[in-house]
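J.: Before I ask anything, let me first share the structure, which is written out below as structure tokens.
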Amino acid sequence: PLSAVLFDVDGTLAETERDGHRPAFNAAFKEFELDWHWDTELYGKLLKITGGKERIRYYIEKYAPDILSKRDLSNWIAELHKTKTKYFVDLLAKGNIPLRSGIARLIHELRENEIKIGIATTTTLENVTSLLKYTLGEESISWFDVIGAGDIVAQKKPAPDIYYWTLKELGLPPQQCIAIEDSENGLQSSYAAGIKTIITISEYTYSQNFNGAAMVLTDLGEPGKLPSIISGDIAN
Ligand code: XBP
Ligand code: MG
């Protein structure tokens with residue numbers, strides 16, 4: 001039986017990357033008087049590295065190695081990233097980043113059917129709670145039985161750690177859960193944790209490799225897809 005559905009956030013709950021995280025990174029770079037600019041194409045490449053702090057470090061190593069000699073580099077990256085989070089939350093507060101089609105409906109249906117809902121994401125917790133607050137309303141944060149986010153685990157996706165952590169919090173085996181993801185990194189993470197995964201492709205991920213997914217969909221917008229998710233009867 002299906003006991004819980006675990007949602008990824010970026011690209012799955014909402015298209016947050018191109019017009020959310022990316023401009024937030026750029027605004028933080030400006031505030032720190034850096035002449036860095038991540039255009040949409042470069043950002044697509046940088047998405048290979050999950051996690052904002054990790055992505056900044058990777059960019060430095062590849063494109064701005066002079067920064068590597070900075071004293072307290074890790075702290076500096078953390079401060080830069082905090083500034084990025086501030087800008088990202090400001091963008092969410094403007095209400096310009098909606099939930100993807102079918103997400104709100106699925107969340108409501110799962111709750112009505114007493115199926116647990118959780119989040120397993122690489123992004124910062126504050127980004128998750130803000131996205132929920134500015135889309136479904138503040139109270140929606142409490143609808144989630146578990147929110148696994150950011151630095152709570154040592155290894156971010158594609159490592160399975162965040163899914164292991166989330167399953168442990170729920171006290172459920174992977175066989176009783178479904179994950180909803182949008183990316184190859186996300187799928188590798190959920191798949192390695194033994195969780196059946198539905199992919200909803202997103203702006204930056206549509207051409208990635210989704211071998212191992214139970215289903216690959218454009219989105220969850222079709223009501224007809226819902227009963228099969230709730231009964232847990234996917235892929236076979
Ligand atoms: C999403 C990410 C995140 C965001 C930025 O990956 O990699 O890093 O781009 O969030 P996934 P932070 O959807 O696979 O979880 O800057 O807060 O890390
Ligand atoms: Mg994602």
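All residue names refer to the structure tokens as shown: chains lettered A, B, ... in order, residues numbered from 1 in each chain, ligands numbered from 1 in order.
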Give me, as CSV, each residue of chain A that comes within 12 Å of ligand 2, together with its shortest interatomic pair and the distance in Å at one decimal, counting only C-alpha atoms and all ligand atoms, with rows ordered by chain and rising residue number.
T.:
residue,atom,partner,partner_atom_place_in_ligand_line,distance
A:Phe7,CA,ligand 2,1 (Mg),9.1
A:Asp8,CA,ligand 2,1 (Mg),5.6
A:Val9,CA,ligand 2,1 (Mg),5.7
A:Asp10,CA,ligand 2,1 (Mg),4.2
A:Gly11,CA,ligand 2,1 (Mg),4.5
A:Thr12,CA,ligand 2,1 (Mg),5.6
A:Leu13,CA,ligand 2,1 (Mg),8.3
A:Ala14,CA,ligand 2,1 (Mg),9.0
A:Glu15,CA,ligand 2,1 (Mg),8.9
A:Thr16,CA,ligand 2,1 (Mg),9.0
A:Glu17,CA,ligand 2,1 (Mg),9.0
A:Leu47,CA,ligand 2,1 (Mg),9.7
A:Lys48,CA,ligand 2,1 (Mg),11.0
A:Ile49,CA,ligand 2,1 (Mg),11.7
A:Thr50,CA,ligand 2,1 (Mg),9.1
A:Gly51,CA,ligand 2,1 (Mg),10.6
A:Ile119,CA,ligand 2,1 (Mg),11.1
A:Ala120,CA,ligand 2,1 (Mg),9.6
A:Thr121,CA,ligand 2,1 (Mg),7.4
A:Thr122,CA,ligand 2,1 (Mg),8.1
A:Thr123,CA,ligand 2,1 (Mg),9.0
A:Lys156,CA,ligand 2,1 (Mg),11.8
A:Lys157,CA,ligand 2,1 (Mg),9.4
A:Pro158,CA,ligand 2,1 (Mg),10.6
A:Ala179,CA,ligand 2,1 (Mg),11.3
A:Ile180,CA,ligand 2,1 (Mg),9.0
A:Glu181,CA,ligand 2,1 (Mg),5.8
A:Asp182,CA,ligand 2,1 (Mg),5.0
A:Ser183,CA,ligand 2,1 (Mg),5.4
A:Glu184,CA,ligand 2,1 (Mg),8.6
A:Asn185,CA,ligand 2,1 (Mg),7.8
A:Gly186,CA,ligand 2,1 (Mg),6.0
A:Leu187,CA,ligand 2,1 (Mg),9.0
A:Gln188,CA,ligand 2,1 (Mg),11.4
A:Ser189,CA,ligand 2,1 (Mg),10.8
A:Ser190,CA,ligand 2,1 (Mg),11.4
A:Ile199,CA,ligand 2,1 (Mg),9.7
A:Thr200,CA,ligand 2,1 (Mg),9.5
A:Ile201,CA,ligand 2,1 (Mg),9.3
A:Ser202,CA,ligand 2,1 (Mg),8.4
A:Glu203,CA,ligand 2,1 (Mg),10.5
A:Tyr204,CA,ligand 2,1 (Mg),9.5
A:Thr205,CA,ligand 2,1 (Mg),8.6
A:Tyr206,CA,ligand 2,1 (Mg),11.6
J.: Take the residues from that selection and put them in a file with C-alpha atoms, as a PDB file, in the first residue's frame.
T.:
ATOM      1  CA  PHE A   7       8.189  15.580  -3.257  1.00  0.00           C
ATOM      2  CA  ASP A   8      11.307  17.189  -4.600  1.00  0.00           C
ATOM      3  CA  VAL A   9      11.028  21.001  -4.622  1.00  0.00           C
ATOM      4  CA  ASP A  10      13.070  22.749  -7.321  1.00  0.00           C
ATOM      5  CA  GLY A  11      11.684  21.902 -10.740  1.00  0.00           C
ATOM      6  CA  THR A  12       9.021  19.608  -9.247  1.00  0.00           C
ATOM      7  CA  LEU A  13       6.796  21.700  -6.982  1.00  0.00           C
ATOM      8  CA  ALA A  14       7.627  24.796  -9.025  1.00  0.00           C
ATOM      9  CA  GLU A  15       9.888  26.030 -11.808  1.00  0.00           C
ATOM     10  CA  THR A  16      12.199  27.807  -9.401  1.00  0.00           C
ATOM     11  CA  GLU A  17      15.518  27.715 -11.208  1.00  0.00           C
ATOM     12  CA  LEU A  47      22.756  22.728 -12.261  1.00  0.00           C
ATOM     13  CA  LYS A  48      24.764  19.536 -12.602  1.00  0.00           C
ATOM     14  CA  ILE A  49      26.092  20.489  -9.171  1.00  0.00           C
ATOM     15  CA  THR A  50      23.261  20.406  -6.655  1.00  0.00           C
ATOM     16  CA  GLY A  51      23.164  22.812  -3.717  1.00  0.00           C
ATOM     17  CA  ILE A 119       9.679  16.740   1.052  1.00  0.00           C
ATOM     18  CA  ALA A 120      13.188  15.601   0.166  1.00  0.00           C
ATOM     19  CA  THR A 121      15.201  18.424  -1.334  1.00  0.00           C
ATOM     20  CA  THR A 122      18.636  19.861  -1.737  1.00  0.00           C
ATOM     21  CA  THR A 123      17.486  23.418  -1.324  1.00  0.00           C
ATOM     22  CA  LYS A 156      23.297  16.174  -1.335  1.00  0.00           C
ATOM     23  CA  LYS A 157      21.562  14.599  -4.354  1.00  0.00           C
ATOM     24  CA  PRO A 158      22.454  12.516  -6.377  1.00  0.00           C
ATOM     25  CA  ALA A 179       8.985  10.016  -4.975  1.00  0.00           C
ATOM     26  CA  ILE A 180       8.188  12.784  -7.440  1.00  0.00           C
ATOM     27  CA  GLU A 181      11.266  14.290  -9.036  1.00  0.00           C
ATOM     28  CA  ASP A 182      12.199  16.331 -12.091  1.00  0.00           C
ATOM     29  CA  SER A 183      15.887  15.648 -12.624  1.00  0.00           C
ATOM     30  CA  GLU A 184      18.462  12.945 -13.207  1.00  0.00           C
ATOM     31  CA  ASN A 185      20.264  13.937 -10.001  1.00  0.00           C
ATOM     32  CA  GLY A 186      16.990  13.653  -8.110  1.00  0.00           C
ATOM     33  CA  LEU A 187      16.120  10.293  -9.671  1.00  0.00           C
ATOM     34  CA  GLN A 188      19.548   8.881  -8.855  1.00  0.00           C
ATOM     35  CA  SER A 189      18.993   9.902  -5.259  1.00  0.00           C
ATOM     36  CA  SER A 190      15.482   8.437  -4.868  1.00  0.00           C
ATOM     37  CA  ILE A 199       9.477  12.115 -13.111  1.00  0.00           C
ATOM     38  CA  THR A 200       7.777  15.310 -14.207  1.00  0.00           C
ATOM     39  CA  ILE A 201      10.228  16.846 -16.644  1.00  0.00           C
ATOM     40  CA  SER A 202      11.084  20.513 -16.177  1.00  0.00           C
ATOM     41  CA  GLU A 203      12.621  23.441 -18.082  1.00  0.00           C
ATOM     42  CA  TYR A 204      16.191  22.403 -17.466  1.00  0.00           C
ATOM     43  CA  THR A 205      15.800  18.621 -17.231  1.00  0.00           C
ATOM     44  CA  TYR A 206      13.648  17.430 -20.143  1.00  0.00           C
TER      45      TYR A 206
END
J.: Running DSSP on the backbone, which parts of stretch 144-223 of chain A land in alpha helix (DSSP H), as a list in words?
T.: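 Assigned to alpha helix (DSSP H), within stretch 144-223 of chain A: Asp161, Ile162, Tyr163, Tyr164, Trp165, Thr166, Leu167, Lys168, Glu169, Leu170, Glu184, Asn185, Gly186, Leu187, Gln188, Ser189, Ser190, Tyr191 and Ala192 of chain A.
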J.: Quick check, in Å to one decimal: how far apart do atom CA of A:Gln175 and atom CA of A:Met215 lie?
T.: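 Interatomic distance, atom CA of A:Gln175 to atom CA of A:Met215: 15.9 Å.
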J.: Can you check which parts of stretch 43-102 of chain A lie within 12 Å of stretch 106-112 of chain A? Per residue, the shortest pair of atoms and distance in Å to one decimal, counting only C-alpha atoms, sorted by chain and number, as JSON lines.
T.:
{"residue": "A:Leu99", "atom": "CA", "partner": "A:Ile107", "partner_atom": "CA", "distance": 11.1}
{"residue": "A:Arg100", "atom": "CA", "partner": "A:Leu106", "partner_atom": "CA", "distance": 10.8}
{"residue": "A:Ser101", "atom": "CA", "partner": "A:Leu106", "partner_atom": "CA", "distance": 9.6}
{"residue": "A:Gly102", "atom": "CA", "partner": "A:Leu106", "partner_atom": "CA", "distance": 6.0}
J.: How about saving the chosen residues, N, CA and C atoms kept, as an mmCIF file, in the first residue's frame?
T.:
data_model
loop_
_atom_site.group_PDB
_atom_site.id
_atom_site.type_symbol
_atom_site.label_atom_id
_atom_site.label_comp_id
_atom_site.auth_asym_id
_atom_site.auth_seq_id
_atom_site.Cartn_x
_atom_site.Cartn_y
_atom_site.Cartn_z
ATOM 1 N N LEU A 99 3.073 27.240 -8.150
ATOM 2 C CA LEU A 99 3.248 25.785 -8.142
ATOM 3 C C LEU A 99 2.987 25.264 -9.550
ATOM 4 N N ARG A 100 3.631 24.152 -9.892
ATOM 5 C CA ARG A 100 3.392 23.559 -11.204
ATOM 6 C C ARG A 100 1.993 22.967 -11.267
ATOM 7 N N SER A 101 1.546 22.750 -12.478
ATOM 8 C CA SER A 101 0.189 22.273 -12.664
ATOM 9 C C SER A 101 0.003 20.892 -12.031
ATOM 10 N N GLY A 102 -1.095 20.727 -11.343
ATOM 11 C CA GLY A 102 -1.432 19.465 -10.696
ATOM 12 C C GLY A 102 -0.891 19.296 -9.289
#
J.: For ligand 1, which residue among A:Ala28, A:Leu2, A:Ala64, A:Leu217 is the nearest when counting only C-alpha atoms and all ligand atoms?
T.: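 Smallest separation from ligand 1 among the options: A:Ala28.
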J.: Taking only C-alpha atoms and all ligand atoms into account, which of A:Tyr164, A:Tyr43, A:Trp76, A:Phe29 comes nearest ligand 1?
T.: A:Tyr43
J.: Could you write out, as a list in words, all the residues of stretch 31-220 of chain A that DSSP marks as strand (DSSP E or B)?
T.: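 Here is the list: Leu99, Lys116, Ile117, Gly118, Ile119, Ala120, Val146, Ile147, Gly148, Cys177, Ile178, Ala179, Ile180, Glu181, Lys196, Thr197, Ile198, Ile199, Thr200, Met215, Val216 and Leu217 of chain A.
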J.: Show which residues sit within 12 Å of A:Tyr63, as a PyMOL selection string. Count only C-alpha atoms, and ignore same-chain residues fewer than 2 positions away.
T.: chain A and resi 35-38+42+46+55-61+65-68
J.: Generate a file of the selected residues that holds N, CA and C atoms, formatted as a PDB file, in the first residue's frame.
T.:
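The new file result.pdb reads:
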ATOM      1  N   ASP A  35      31.868  40.517 -10.421  1.00  0.00           N
ATOM      2  CA  ASP A  35      31.421  40.742 -11.802  1.00  0.00           C
ATOM      3  C   ASP A  35      30.927  39.438 -12.446  1.00  0.00           C
ATOM      4  N   TRP A  36      30.464  38.506 -11.624  1.00  0.00           N
ATOM      5  CA  TRP A  36      29.947  37.244 -12.132  1.00  0.00           C
ATOM      6  C   TRP A  36      28.514  37.436 -12.601  1.00  0.00           C
ATOM      7  N   HIS A  37      28.178  36.738 -13.691  1.00  0.00           N
ATOM      8  CA  HIS A  37      26.772  36.708 -14.098  1.00  0.00           C
ATOM      9  C   HIS A  37      26.459  35.331 -14.652  1.00  0.00           C
ATOM     10  N   TRP A  38      25.446  34.703 -14.086  1.00  0.00           N
ATOM     11  CA  TRP A  38      25.040  33.374 -14.548  1.00  0.00           C
ATOM     12  C   TRP A  38      23.866  33.540 -15.505  1.00  0.00           C
ATOM     13  N   LEU A  42      24.569  29.093 -19.034  1.00  0.00           N
ATOM     14  CA  LEU A  42      25.587  28.696 -18.055  1.00  0.00           C
ATOM     15  C   LEU A  42      24.915  28.052 -16.839  1.00  0.00           C
ATOM     16  N   LEU A  46      25.575  24.586 -14.724  1.00  0.00           N
ATOM     17  CA  LEU A  46      25.922  24.588 -13.295  1.00  0.00           C
ATOM     18  C   LEU A  46      24.953  23.751 -12.464  1.00  0.00           C
ATOM     19  N   ARG A  55      27.403  24.750  -5.676  1.00  0.00           N
ATOM     20  CA  ARG A  55      27.414  25.298  -7.039  1.00  0.00           C
ATOM     21  C   ARG A  55      28.351  26.506  -7.120  1.00  0.00           C
ATOM     22  N   ILE A  56      28.315  27.351  -6.113  1.00  0.00           N
ATOM     23  CA  ILE A  56      29.204  28.525  -6.090  1.00  0.00           C
ATOM     24  C   ILE A  56      30.665  28.059  -6.045  1.00  0.00           C
ATOM     25  N   ARG A  57      30.934  27.084  -5.207  1.00  0.00           N
ATOM     26  CA  ARG A  57      32.326  26.597  -5.089  1.00  0.00           C
ATOM     27  C   ARG A  57      32.823  26.006  -6.422  1.00  0.00           C
ATOM     28  N   TYR A  58      31.944  25.250  -7.051  1.00  0.00           N
ATOM     29  CA  TYR A  58      32.288  24.667  -8.349  1.00  0.00           C
ATOM     30  C   TYR A  58      32.577  25.765  -9.379  1.00  0.00           C
ATOM     31  N   TYR A  59      31.748  26.807  -9.371  1.00  0.00           N
ATOM     32  CA  TYR A  59      31.949  27.927 -10.307  1.00  0.00           C
ATOM     33  C   TYR A  59      33.297  28.601 -10.051  1.00  0.00           C
ATOM     34  N   ILE A  60      33.625  28.804  -8.803  1.00  0.00           N
ATOM     35  CA  ILE A  60      34.909  29.427  -8.449  1.00  0.00           C
ATOM     36  C   ILE A  60      36.065  28.575  -8.988  1.00  0.00           C
ATOM     37  N   GLU A  61      35.979  27.282  -8.719  1.00  0.00           N
ATOM     38  CA  GLU A  61      37.057  26.392  -9.172  1.00  0.00           C
ATOM     39  C   GLU A  61      37.230  26.445 -10.687  1.00  0.00           C
ATOM     40  N   PRO A  65      39.188  31.012 -10.334  1.00  0.00           N
ATOM     41  CA  PRO A  65      40.085  30.328  -9.394  1.00  0.00           C
ATOM     42  C   PRO A  65      40.892  31.284  -8.491  1.00  0.00           C
ATOM     43  N   ASP A  66      40.993  32.566  -8.897  1.00  0.00           N
ATOM     44  CA  ASP A  66      41.691  33.542  -8.047  1.00  0.00           C
ATOM     45  C   ASP A  66      41.060  33.636  -6.660  1.00  0.00           C
ATOM     46  N   ILE A  67      39.753  33.382  -6.597  1.00  0.00           N
ATOM     47  CA  ILE A  67      39.018  33.467  -5.326  1.00  0.00           C
ATOM     48  C   ILE A  67      39.441  32.350  -4.355  1.00  0.00           C
ATOM     49  N   LEU A  68      39.980  31.259  -4.910  1.00  0.00           N
ATOM     50  CA  LEU A  68      40.303  30.089  -4.080  1.00  0.00           C
ATOM     51  C   LEU A  68      41.268  30.416  -2.943  1.00  0.00           C
TER      52      LEU A  68
END
J.: Give the answer as one residue: which of A:Ile103, A:Ala159, A:Arg71, A:Glu114 has the shortest atom-to-atom distance to A:Leu132, using only C-alpha atoms?
T.: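 Among the listed residues, A:Ile103 lies closest to A:Leu132.
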J.: Residues at most 8 Å from A:Tyr163, counting only C-alpha atoms, excluding those fewer than 2 positions away in the same chain, as JSON, numbers by chain?
T.: {"A": [120, 148, 160, 161, 165, 166, 167, 189, 190, 193]}
J.: Identify which of the residues A:Arg18, A:Arg105, A:Lys53, A:Lys45 lies closest to ligand 1, counting only C-alpha atoms and all ligand atoms when measuring atom-to-atom distances.
T.: A:Lys53
J.: Give the answer as one residue: which of A:Asp72, A:Ile178, A:Leu125, A:Ala4 has the shortest atom-to-atom distance to ligand 1, using only C-alpha atoms and all ligand atoms?
T.: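 So, comparing all the options, the nearest one is A:Leu125.
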J.: Measuring between only C-alpha atoms and all ligand atoms, which one of A:Ala104, A:Cys177, A:Ile97, A:Ile162 shows the shortest distance to ligand 1?
T.: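 Result for the nearest residue to ligand 1: A:Ile162.
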J.: Work out how far atom CA of A:Asp145 is from atom CA of A:Lys82, in Å to one decimal.
T.: 26.4 Å
